[in-house]
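Read the structure below first, then the notes.
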There are 4 protein chains.
Amino acid sequence: MLKGLTRAGLGPVGSIEDFIKGASAHQFDAIASSGTELEQWIESKGLEAAQSFLKEHRVQICTIGLSVQWRTTEEEFRSGLIRLAQDAEAASALGCTTCTTYVLPSTDHPSAHFMALATRRLRTCAQILAPYGIRLGLEFVGPHHLRTRWQNPFIWGLQEMADWIEAIGESNVGLLFDSYHWYTNELNVDAILALKPEQIVLVHINDAPDVPVAEVLDNDRLFPGEGVIDLAGFLSALHQIGYKGVIAQEILTPQPLEEPSEGLFRRSQEGFRKVYAAAGLQ
Amino acid sequence: MLKGLTRAGLGPVGSIEDFIKGASAHQFDAIASSGTELEQWIESKGLEAAQSFLKEHRVQICTIGLSVQWRTTEEEFRSGLIRLAQDAEAASALGCTTCTTYVLPSTDHPSAHFMALATRRLRTCAQILAPYGIRLGLEFVGPHHLRTRWQNPFIWGLQEMADWIEAIGESNVGLLFDSYHWYTNELNVDAILALKPEQIVLVHINDAPDVPVAEVLDNDRLFPGEGVIDLAGFLSALHQIGYKGVIAQEILTPQPLEEPSEGLFRRSQEGFRKVYAAAGLQ
Amino acid sequence: MLKGLTRAGLGPVGSIEDFIKGASAHQFDAIASSGTELEQWIESKGLEAAQSFLKEHRVQICTIGLSVQWRTTEEEFRSGLIRLAQDAEAASALGCTTCTTYVLPSTDHPSAHFMALATRRLRTCAQILAPYGIRLGLEFVGPHHLRTRWQNPFIWGLQEMADWIEAIGESNVGLLFDSYHWYTNELNVDAILALKPEQIVLVHINDAPDVPVAEVLDNDRLFPGEGVIDLAGFLSALHQIGYKGVIAQEILTPQPLEEPSEGLFRRSQEGFRKVYAAAGLQ
Amino acid sequence: MLKGLTRAGLGPVGSIEDFIKGASAHQFDAIASSGTELEQWIESKGLEAAQSFLKEHRVQICTIGLSVQWRTTEEEFRSGLIRLAQDAEAASALGCTTCTTYVLPSTDHPSAHFMALATRRLRTCAQILAPYGIRLGLEFVGPHHLRTRWQNPFIWGLQEMADWIEAIGESNVGLLFDSYHWYTNELNVDAILALKPEQIVLVHINDAPDVPVAEVLDNDRLFPGEGVIDLAGFLSALHQIGYKGVIAQEILTPQPLEEPSEGLFRRSQEGFRKVYAAAGLQ
């Protein structure tokens with residue numbers, strides 16, 4: 001399973017090339033980006049040079065964020081669809097095969113109606129991504145405080161998300177599966193062993209502080225191995241079912257971390273080394 | 001627009017043949033039935049004789065109820081699918097092209113998750129009906145008391161249902177549109193004029209007593225023309241958009257009506273005559 | 001049914017505004033355009049001014065051509081998808097609700113494999129158009145000489161196209177139905193009466209010279225009323241089933257017509273007047 | 001990868017219980033059956049006893065044949081859909097998760113139109129199987145003599161079938177991948193390495209006589225290891241991509257084999273032992 005990084009938790013990593021260099025220098029295989037960033041990079045550097053840069057540094061683009069606003073009005077949703085096609089073309093040109101978004105566990109919209117609207121909208125997003133060979137990964141979000149943050153409960157569990165993915169009904173939609181949300185849903189290793197690897201589009205890895213589960217905050221994450229989540233069990237179960245994709249860290253924090261990026265890259269590298277070793281992986 | 005009857009509000013109409021005879025004798029063009037009833041009729045009478053009986057009486061079968069239990073467990077849902085295919089085959093053999101179900105406005109399941117499950121299940125039902133040329137009609141249910149009858153709100157409005165139908169995403173799914181729910185949602189004629197006729201699978205017509213809208217009970221319906229709903233406006237708008245299907249009455253009452261069926265057929269006939277005339281239709 | 005024009009057969013009609021003025025001056029309700037043309041018009045004139053211009057001239061944009069290359073390689077196909085989203089956004093902004101393409105009756109690809117590829121590609125096109133409220137119309141092409149023009153037979157009939165539309169399986173796909181192809185398939189009025197109006201996305205009207213049907217050439221068309229096609233029957237059947245959309249002429253000729261556009265507009269106007277009158281329509 | 005048997009090539013194996021016993025006694029993990037056979041077995045033995053019988057013999061049902069007639073008329077197709085749901089229910093009750101059919105490489109129907117019809121029909125079959133957790137596997141058929149056996153060419157290659165599966169567009173449709181058709185299409189190991197394991201629903205293994213590829217007959221198959229197909233490469237590539245399903249033999253012969261079943265079971269067991277060993281598998 002490949003090691004990946006998002007920018008979250010790394011401080012000011014600079015340009016995409018700086019980010020790629022930093023990832024490469026610290027033994028990471030992949031970074032997350034955005035369609036706009038990739039498009040601009042291709043425009044400024046040229047496609048072949050960008051492809052070569054990735055190849056030389058042995059780093060791949062593991063995902064772009066879904067740029068479409070699917071949570072508000074129909075107008076906003078629709079106005080983002082050209083951008084989505086452009087994102088997909090840029091991502092595809094650089095070998096990126098996933099696009100991801102998160103799903104908040106509560107909403108100010110009436111829940112059932114919002115579920116109907118979001119089902120149709122995310123299906124449309126998946127359909128636009130499909131011809132580019134890009135899968136759409138949906139992240140269920142577990143922290144308890146967010147379940148009542150907005151007026152009506154939505155969904156936050158693995159099973160509910162899997163059921164929703166079936167309702168969306170496009171074969172290129174799957175899970176963005178984050179250890180943080182696995183933990184805050186109090187799921188165990190068996191829940192992972194029951195998955196098929198092709199259900200998972202991308203994995204996030206993060207650790208949580210030693211507080212009661214119901215008090216874990218979404219934006220108070222620790223680096224892998226620095227907290228209490230059973231990441232050895234998490235990784236080893238993913239390996240066991242045959243998942244071969246990227247495991248990317250995404251350290252959301254209340255304030256930007258003050259350490260220089262170099263130190264945060266090293267901390268990430270050390271965190272991954274530790275939890276991979278604990279899982280019996282290299 | 002064809003005049004139709006369901007059994008509700010007609011007392012003990014007897015066998016399907018008695019029901020057809022009664023409908024025919026009172027100038028109705030269509031009756032509602034069930035897949036099981038049609039299958040048994042075909043088995044006992046023979047398919048050609050049943051077809052001839054309908055033809056002689058100039059009555060068509062306008063719908064069968066969706067027999068699948070899509071509201072509870074996956075096991076119950078799945079166990080009804082063979083029956084659904086059998087219903088569809090029987091209905092199709094007798095020229096029936098719609099299958100309908102109602103959607104309660106609240107639920108004891110978490111709303112969003114139930115919406116996801118029901119989206120997938122009703123899609124499956126639509127897919128099983130499609131090869132038989134049968135459309136699936138979904139009825140939104142407006143009465144206010146049902147919106148809080150179960151633990152969580154679901155959907156009860158026309159727009160919400162239209163959005164859900166899009167989320168289900170099968171071209172043979174449309175609205176079962178009931179004047180009673182149009183009224184209890186306080187919709188106007190413009191809401192009908194904004195529809196395309198092909199969005200409507202079947203129409204129900206019922207009247208409501210002169211009580212505040214929020215106090216209208218789902219099972220306390222009046223015959224067309226006996227209450228306060230603007231059925232002339234309702235019918236004339238449906239005619240204006242080009243709807244050519246069946247308008248079927250469904251008089252749900254707290255207790256079975258005590259009049260003999262013959263009188264209830266006549267009351268229905270008179271009700272239809274009155275509201276069709278008020279709408280400028282014959 | 002609205003009267004519409006494509007540029008084919010009108011000579012050099014000039015800019016889109018000239019085309020709209022000409023159509024308006026000759027009692028036409030609609031013109032065909034392209035996504036690129038509409039986008040450029042919006043860019044140069046401003047969206048509101050363009051909308052007002054259409055409104056003042058009482059002319060609508062009835063369709064844009066499908067700009068995606070769905071007949072050749074996957075690369076070419078995919079490279080047109082951003083453009084398609086842009087076309088759809090421009091068309092939608094100006095109230096256009098259809099996008100159309102034609103299907104040649106033979107192909108140099110192996111037929112069955114090409115059908116599989118084209119099914120998936122046109123489905124993708126329909127999915128990109130759908131969120132903009134745009135339908136995709138597919139035109140079957142009847143002239144006999146084209147059935148053997150390329151190596152392998154494809155499809156050219158109404159039934160085959162209707163079956164293909166079902167195979168594509170998106171609810172916003174329908175027929176572009178051209179009197180010329182109805183004629184060259186030797187179909188009769190009953191074939192039209194068997195259609196539902198919502199199956200038809202757009203109608204083309206053209207007339208054919210008095211030669212044996214098997215010798216009618218695709219690019220040798222006459223103005224409505226100048227040839228032998230039963231256009232009165234054609235129009236009156238479309239009216240009878242409830243079709244309310246646009247009837248657009250598309251006069252393909254071996255050489256560009258040499259008359260000035262003004263005369264060709266008048267000839268079109270007269271042709272429509274004649275065949276509408278013959279059909280008992282105004 | 002599990003070892004499986006179909007009845008083809010085993011002589012008169014007797015009842016399903018005899019077949020299971022024979023498979024078990026010769027180290028096979030799975031057998032192929034039919035929905036009707038499974039239903040009758042459940043009816044006569046009782047569901048729990050049938051489940052126990054499979055468990056005791058450590059044999060699973062790896063597939064049922066698709067009983068629906070999807071190659072002829074719409075009436076025949078439709079008349080098989082109830083049976084399909086019944087097959088699926090029986091199969092599902094006994095843990096079988098695949099249903100399979102073969103696709104002949106030529107047809108007497110016009111190819112493109114047949115592709116459109118078959119796309120829609122097989123989609124319907126997949127949709128009926130899906131709620132039962134059953135996948136539909138489609139087998140491309142390579143032998144050259146069948147490519148011209150009927151009037152028009154259809155499809156016979158792996159890529160064409162993969163493209164068709166995309167056109168069908170249901171996530172539970174995949175390949176039935178037979179070494180015999182891999183060989184007669186002259187595909188190599190790289191073609192297998194380019195597949196994802198989830199694309200494969202079931203694998204067939206058969207061997208071919210030492211004649212020119214273009215002369216290999218579909219019904220003249222040899223037991224694994226007795227012919228010239230590189231079955232070691234075939235199996236090892238499937239293992240390498242992570243395929244974990246069943247490898248089932250299906251020895252079609254011009255005449256029923258005359259050896260007693262016991263000998264044919266042993267010959268199968270020995271064939272599997274040999275080719276698994278050659279592939280470095282146990």
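Starting from 1 in every chain, residues are counted up; chains themselves are A, B, ... following the order of the structure tokens, and ligands are numbered from 1 as listed.
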Item to check | Contacts of stretch 36-43 of chain C at 8 Å (only C-alpha atoms; same-chain gap of 2+ positions) as a list of chain:residue names | outcome: C:Ile16, C:Ser33, C:Ser34, C:Lys45, C:Gly46, C:Leu47, C:Ala50, C:Gln86, C:Asp87, C:Ala90, C:Ala91
Residues of the last selection are to be written out with all heavy atoms, as a CSV table (one decimal), in the first residue's frame.
```csv
chain,number,residue,atom,x,y,z
C,16,ILE,N,-25.5,35.1,-36.3
C,16,ILE,CA,-26.7,34.5,-35.7
C,16,ILE,C,-27.8,35.6,-35.5
C,16,ILE,O,-29.0,35.2,-35.6
C,16,ILE,CB,-26.3,33.9,-34.3
C,16,ILE,CG1,-27.5,33.2,-33.7
C,16,ILE,CG2,-25.7,35.0,-33.3
C,16,ILE,CD1,-27.1,32.3,-32.5
C,33,SER,N,-28.6,26.2,-33.9
C,33,SER,CA,-27.3,26.9,-33.8
C,33,SER,C,-26.3,25.8,-33.4
C,33,SER,O,-26.4,24.6,-33.5
C,33,SER,CB,-27.4,28.0,-32.8
C,33,SER,OG,-26.2,28.7,-32.7
C,34,SER,N,-25.1,26.3,-32.8
C,34,SER,CA,-24.1,25.4,-32.3
C,34,SER,C,-23.7,26.0,-30.9
C,34,SER,O,-23.9,27.2,-30.7
C,34,SER,CB,-22.9,25.3,-33.2
C,34,SER,OG,-22.2,26.5,-33.1
C,45,LYS,N,-22.0,39.8,-26.8
C,45,LYS,CA,-23.1,40.7,-26.7
C,45,LYS,C,-23.6,40.8,-25.2
C,45,LYS,O,-24.2,41.8,-24.8
C,45,LYS,CB,-24.3,40.1,-27.5
C,45,LYS,CG,-25.5,41.0,-27.6
C,45,LYS,CD,-26.6,40.4,-28.5
C,45,LYS,CE,-27.7,41.4,-28.8
C,45,LYS,NZ,-27.4,42.4,-29.8
C,46,GLY,N,-23.2,39.8,-24.4
C,46,GLY,CA,-23.7,39.8,-23.0
C,46,GLY,C,-24.9,38.9,-23.0
C,46,GLY,O,-25.8,38.9,-23.9
C,47,LEU,N,-25.1,38.1,-21.9
C,47,LEU,CA,-26.1,37.2,-21.8
C,47,LEU,C,-27.5,37.8,-21.9
C,47,LEU,O,-28.4,37.4,-22.6
C,47,LEU,CB,-26.0,36.3,-20.6
C,47,LEU,CG,-27.1,35.3,-20.3
C,47,LEU,CD1,-27.2,34.3,-21.5
C,47,LEU,CD2,-26.9,34.5,-19.0
C,50,ALA,N,-28.5,39.1,-25.3
C,50,ALA,CA,-28.8,38.0,-26.2
C,50,ALA,C,-30.2,37.4,-25.9
C,50,ALA,O,-31.0,37.1,-26.8
C,50,ALA,CB,-27.7,36.9,-26.1
C,86,GLN,N,-19.4,23.0,-22.0
C,86,GLN,CA,-19.5,24.4,-22.4
C,86,GLN,C,-20.6,24.7,-23.3
C,86,GLN,O,-21.4,25.7,-23.1
C,86,GLN,CB,-18.2,24.9,-23.0
C,86,GLN,CG,-17.0,24.9,-21.9
C,86,GLN,CD,-15.6,25.0,-22.6
C,86,GLN,OE1,-15.4,24.6,-23.7
C,86,GLN,NE2,-14.7,25.6,-21.8
C,87,ASP,N,-20.8,23.9,-24.3
C,87,ASP,CA,-21.9,24.0,-25.2
C,87,ASP,C,-23.3,24.0,-24.4
C,87,ASP,O,-24.2,24.8,-24.7
C,87,ASP,CB,-22.0,22.8,-26.2
C,87,ASP,CG,-20.9,22.9,-27.3
C,87,ASP,OD1,-20.2,23.9,-27.3
C,87,ASP,OD2,-20.8,21.9,-28.0
C,90,ALA,N,-23.9,27.2,-22.4
C,90,ALA,CA,-24.3,28.3,-23.3
C,90,ALA,C,-25.7,28.1,-23.8
C,90,ALA,O,-26.6,29.0,-23.8
C,90,ALA,CB,-23.3,28.5,-24.5
C,91,ALA,N,-26.0,26.9,-24.3
C,91,ALA,CA,-27.3,26.6,-24.8
C,91,ALA,C,-28.4,26.8,-23.7
C,91,ALA,O,-29.4,27.4,-23.9
C,91,ALA,CB,-27.4,25.2,-25.3
```
Taking only C-alpha atoms into account, produce a table as CSV in which each residue of chain A with an atom at most 8 Å from an atom of chain D appears once, together with its shortest atom pair and the distance in Å to one decimal, ordered by chain and rising number.
```
residue,atom,partner,partner_atom,distance
A:Glu170,CA,D:Ser171,CA,7.3
A:Ser171,CA,D:Ser171,CA,5.1
A:Glu198,CA,D:Glu198,CA,7.3
A:Gly242,CA,D:Gly242,CA,7.8
```
Could you write out the selected residues, including N, CA, C and O atoms, as an mmCIF file, in the first residue's frame?
```cif
data_model
loop_
_atom_site.group_PDB
_atom_site.id
_atom_site.type_symbol
_atom_site.label_atom_id
_atom_site.label_comp_id
_atom_site.auth_asym_id
_atom_site.auth_seq_id
_atom_site.Cartn_x
_atom_site.Cartn_y
_atom_site.Cartn_z
ATOM 1 N N GLU A 170 -23.448 4.259 -9.587
ATOM 2 C CA GLU A 170 -22.442 4.308 -10.648
ATOM 3 C C GLU A 170 -21.247 3.463 -10.209
ATOM 4 O O GLU A 170 -20.789 3.570 -9.070
ATOM 5 N N SER A 171 -20.711 2.681 -11.141
ATOM 6 C CA SER A 171 -19.689 1.724 -10.727
ATOM 7 C C SER A 171 -18.361 2.383 -10.368
ATOM 8 O O SER A 171 -17.489 1.725 -9.806
ATOM 9 N N GLU A 198 -12.025 -3.263 -4.021
ATOM 10 C CA GLU A 198 -12.494 -2.340 -5.061
ATOM 11 C C GLU A 198 -13.551 -1.368 -4.547
ATOM 12 O O GLU A 198 -13.910 -0.428 -5.250
ATOM 13 N N GLY A 242 -6.570 -7.040 0.400
ATOM 14 C CA GLY A 242 -5.987 -6.857 -0.934
ATOM 15 C C GLY A 242 -6.006 -5.423 -1.429
ATOM 16 O O GLY A 242 -5.783 -5.180 -2.619
#
```
Item to check | alpha helix (DSSP H) per DSSP on the backbone: members of stretch 64-266 of chain D, as a count of residues only | outcome: 77
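Interatomic distance, atom CA of A:Glu270 against atom CA of A:Gly233: 18.0 Å.
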Checklist entry - A:Leu195, A:Leu175, A:Ile165, A:Val103: which is nearest A:Gly142, counting only C-alpha atoms? => result A:Val103
Next on the checklist: Could you tell me how far atom CA of C:Pro256 sits from atom CA of C:Gly4, in Å to one decimal place?
Outcome noted: 19.8 Å
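Shortest atom-to-atom contact with D:Ser179 among D:Leu138, D:Ala167, D:Leu222, D:Ile229: D:Ile229, counting only C-alpha atoms.
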Item to check | For stretch 70-83 of chain C: contacts at 8 Å, only C-alpha atoms, fewer than 3 positions along chain excluded, given as an MDAnalysis selection string | outcome: (chainID A and resid 82 85:86 131:132) or (chainID C and resid 67 86:87 118 121:122 125)
How would the residues just picked look written out with N, CA, C and O atoms as an mmCIF file, in the first residue's frame?
```
data_model
loop_
_atom_site.group_PDB
_atom_site.id
_atom_site.type_symbol
_atom_site.label_atom_id
_atom_site.label_comp_id
_atom_site.auth_asym_id
_atom_site.auth_seq_id
_atom_site.Cartn_x
_atom_site.Cartn_y
_atom_site.Cartn_z
ATOM 1 N N ILE A 82 -18.492 22.396 -15.664
ATOM 2 C CA ILE A 82 -17.425 22.566 -16.665
ATOM 3 C C ILE A 82 -16.068 22.443 -15.967
ATOM 4 O O ILE A 82 -15.174 21.741 -16.446
ATOM 5 N N ALA A 85 -15.132 18.880 -15.417
ATOM 6 C CA ALA A 85 -14.594 18.218 -16.612
ATOM 7 C C ALA A 85 -13.150 18.664 -16.846
ATOM 8 O O ALA A 85 -12.290 17.855 -17.223
ATOM 9 N N GLN A 86 -12.876 19.927 -16.603
ATOM 10 C CA GLN A 86 -11.503 20.421 -16.771
ATOM 11 C C GLN A 86 -10.568 19.799 -15.732
ATOM 12 O O GLN A 86 -9.445 19.405 -16.045
ATOM 13 N N PRO A 131 -15.579 8.938 -17.947
ATOM 14 C CA PRO A 131 -14.845 8.788 -19.208
ATOM 15 C C PRO A 131 -13.356 9.100 -19.092
ATOM 16 O O PRO A 131 -12.580 8.712 -19.965
ATOM 17 N N TYR A 132 -12.957 9.763 -18.028
ATOM 18 C CA TYR A 132 -11.539 10.046 -17.814
ATOM 19 C C TYR A 132 -10.869 8.958 -16.974
ATOM 20 O O TYR A 132 -9.710 9.098 -16.591
ATOM 21 N N SER C 67 -21.295 18.407 -30.541
ATOM 22 C CA SER C 67 -19.947 18.709 -31.057
ATOM 23 C C SER C 67 -18.940 17.595 -30.768
ATOM 24 O O SER C 67 -17.874 17.553 -31.370
ATOM 25 N N GLN C 86 -19.417 22.991 -22.042
ATOM 26 C CA GLN C 86 -19.485 24.427 -22.357
ATOM 27 C C GLN C 86 -20.633 24.721 -23.314
ATOM 28 O O GLN C 86 -21.361 25.708 -23.145
ATOM 29 N N ASP C 87 -20.800 23.887 -24.309
ATOM 30 C CA ASP C 87 -21.946 24.021 -25.226
ATOM 31 C C ASP C 87 -23.257 24.003 -24.438
ATOM 32 O O ASP C 87 -24.150 24.814 -24.671
ATOM 33 N N ALA C 118 -20.442 3.073 -29.141
ATOM 34 C CA ALA C 118 -21.276 4.263 -29.335
ATOM 35 C C ALA C 118 -22.359 4.356 -28.274
ATOM 36 O O ALA C 118 -22.758 5.450 -27.862
ATOM 37 N N ARG C 121 -20.628 5.849 -25.314
ATOM 38 C CA ARG C 121 -20.228 7.245 -25.541
ATOM 39 C C ARG C 121 -21.434 8.180 -25.588
ATOM 40 O O ARG C 121 -21.400 9.267 -25.012
ATOM 41 N N LEU C 122 -22.481 7.782 -26.271
ATOM 42 C CA LEU C 122 -23.656 8.656 -26.329
ATOM 43 C C LEU C 122 -24.346 8.738 -24.973
ATOM 44 O O LEU C 122 -24.937 9.760 -24.630
ATOM 45 N N CYS C 125 -22.507 11.415 -23.221
ATOM 46 C CA CYS C 125 -22.955 12.729 -23.719
ATOM 47 C C CYS C 125 -24.292 13.111 -23.081
ATOM 48 O O CYS C 125 -24.474 14.244 -22.625
#
```
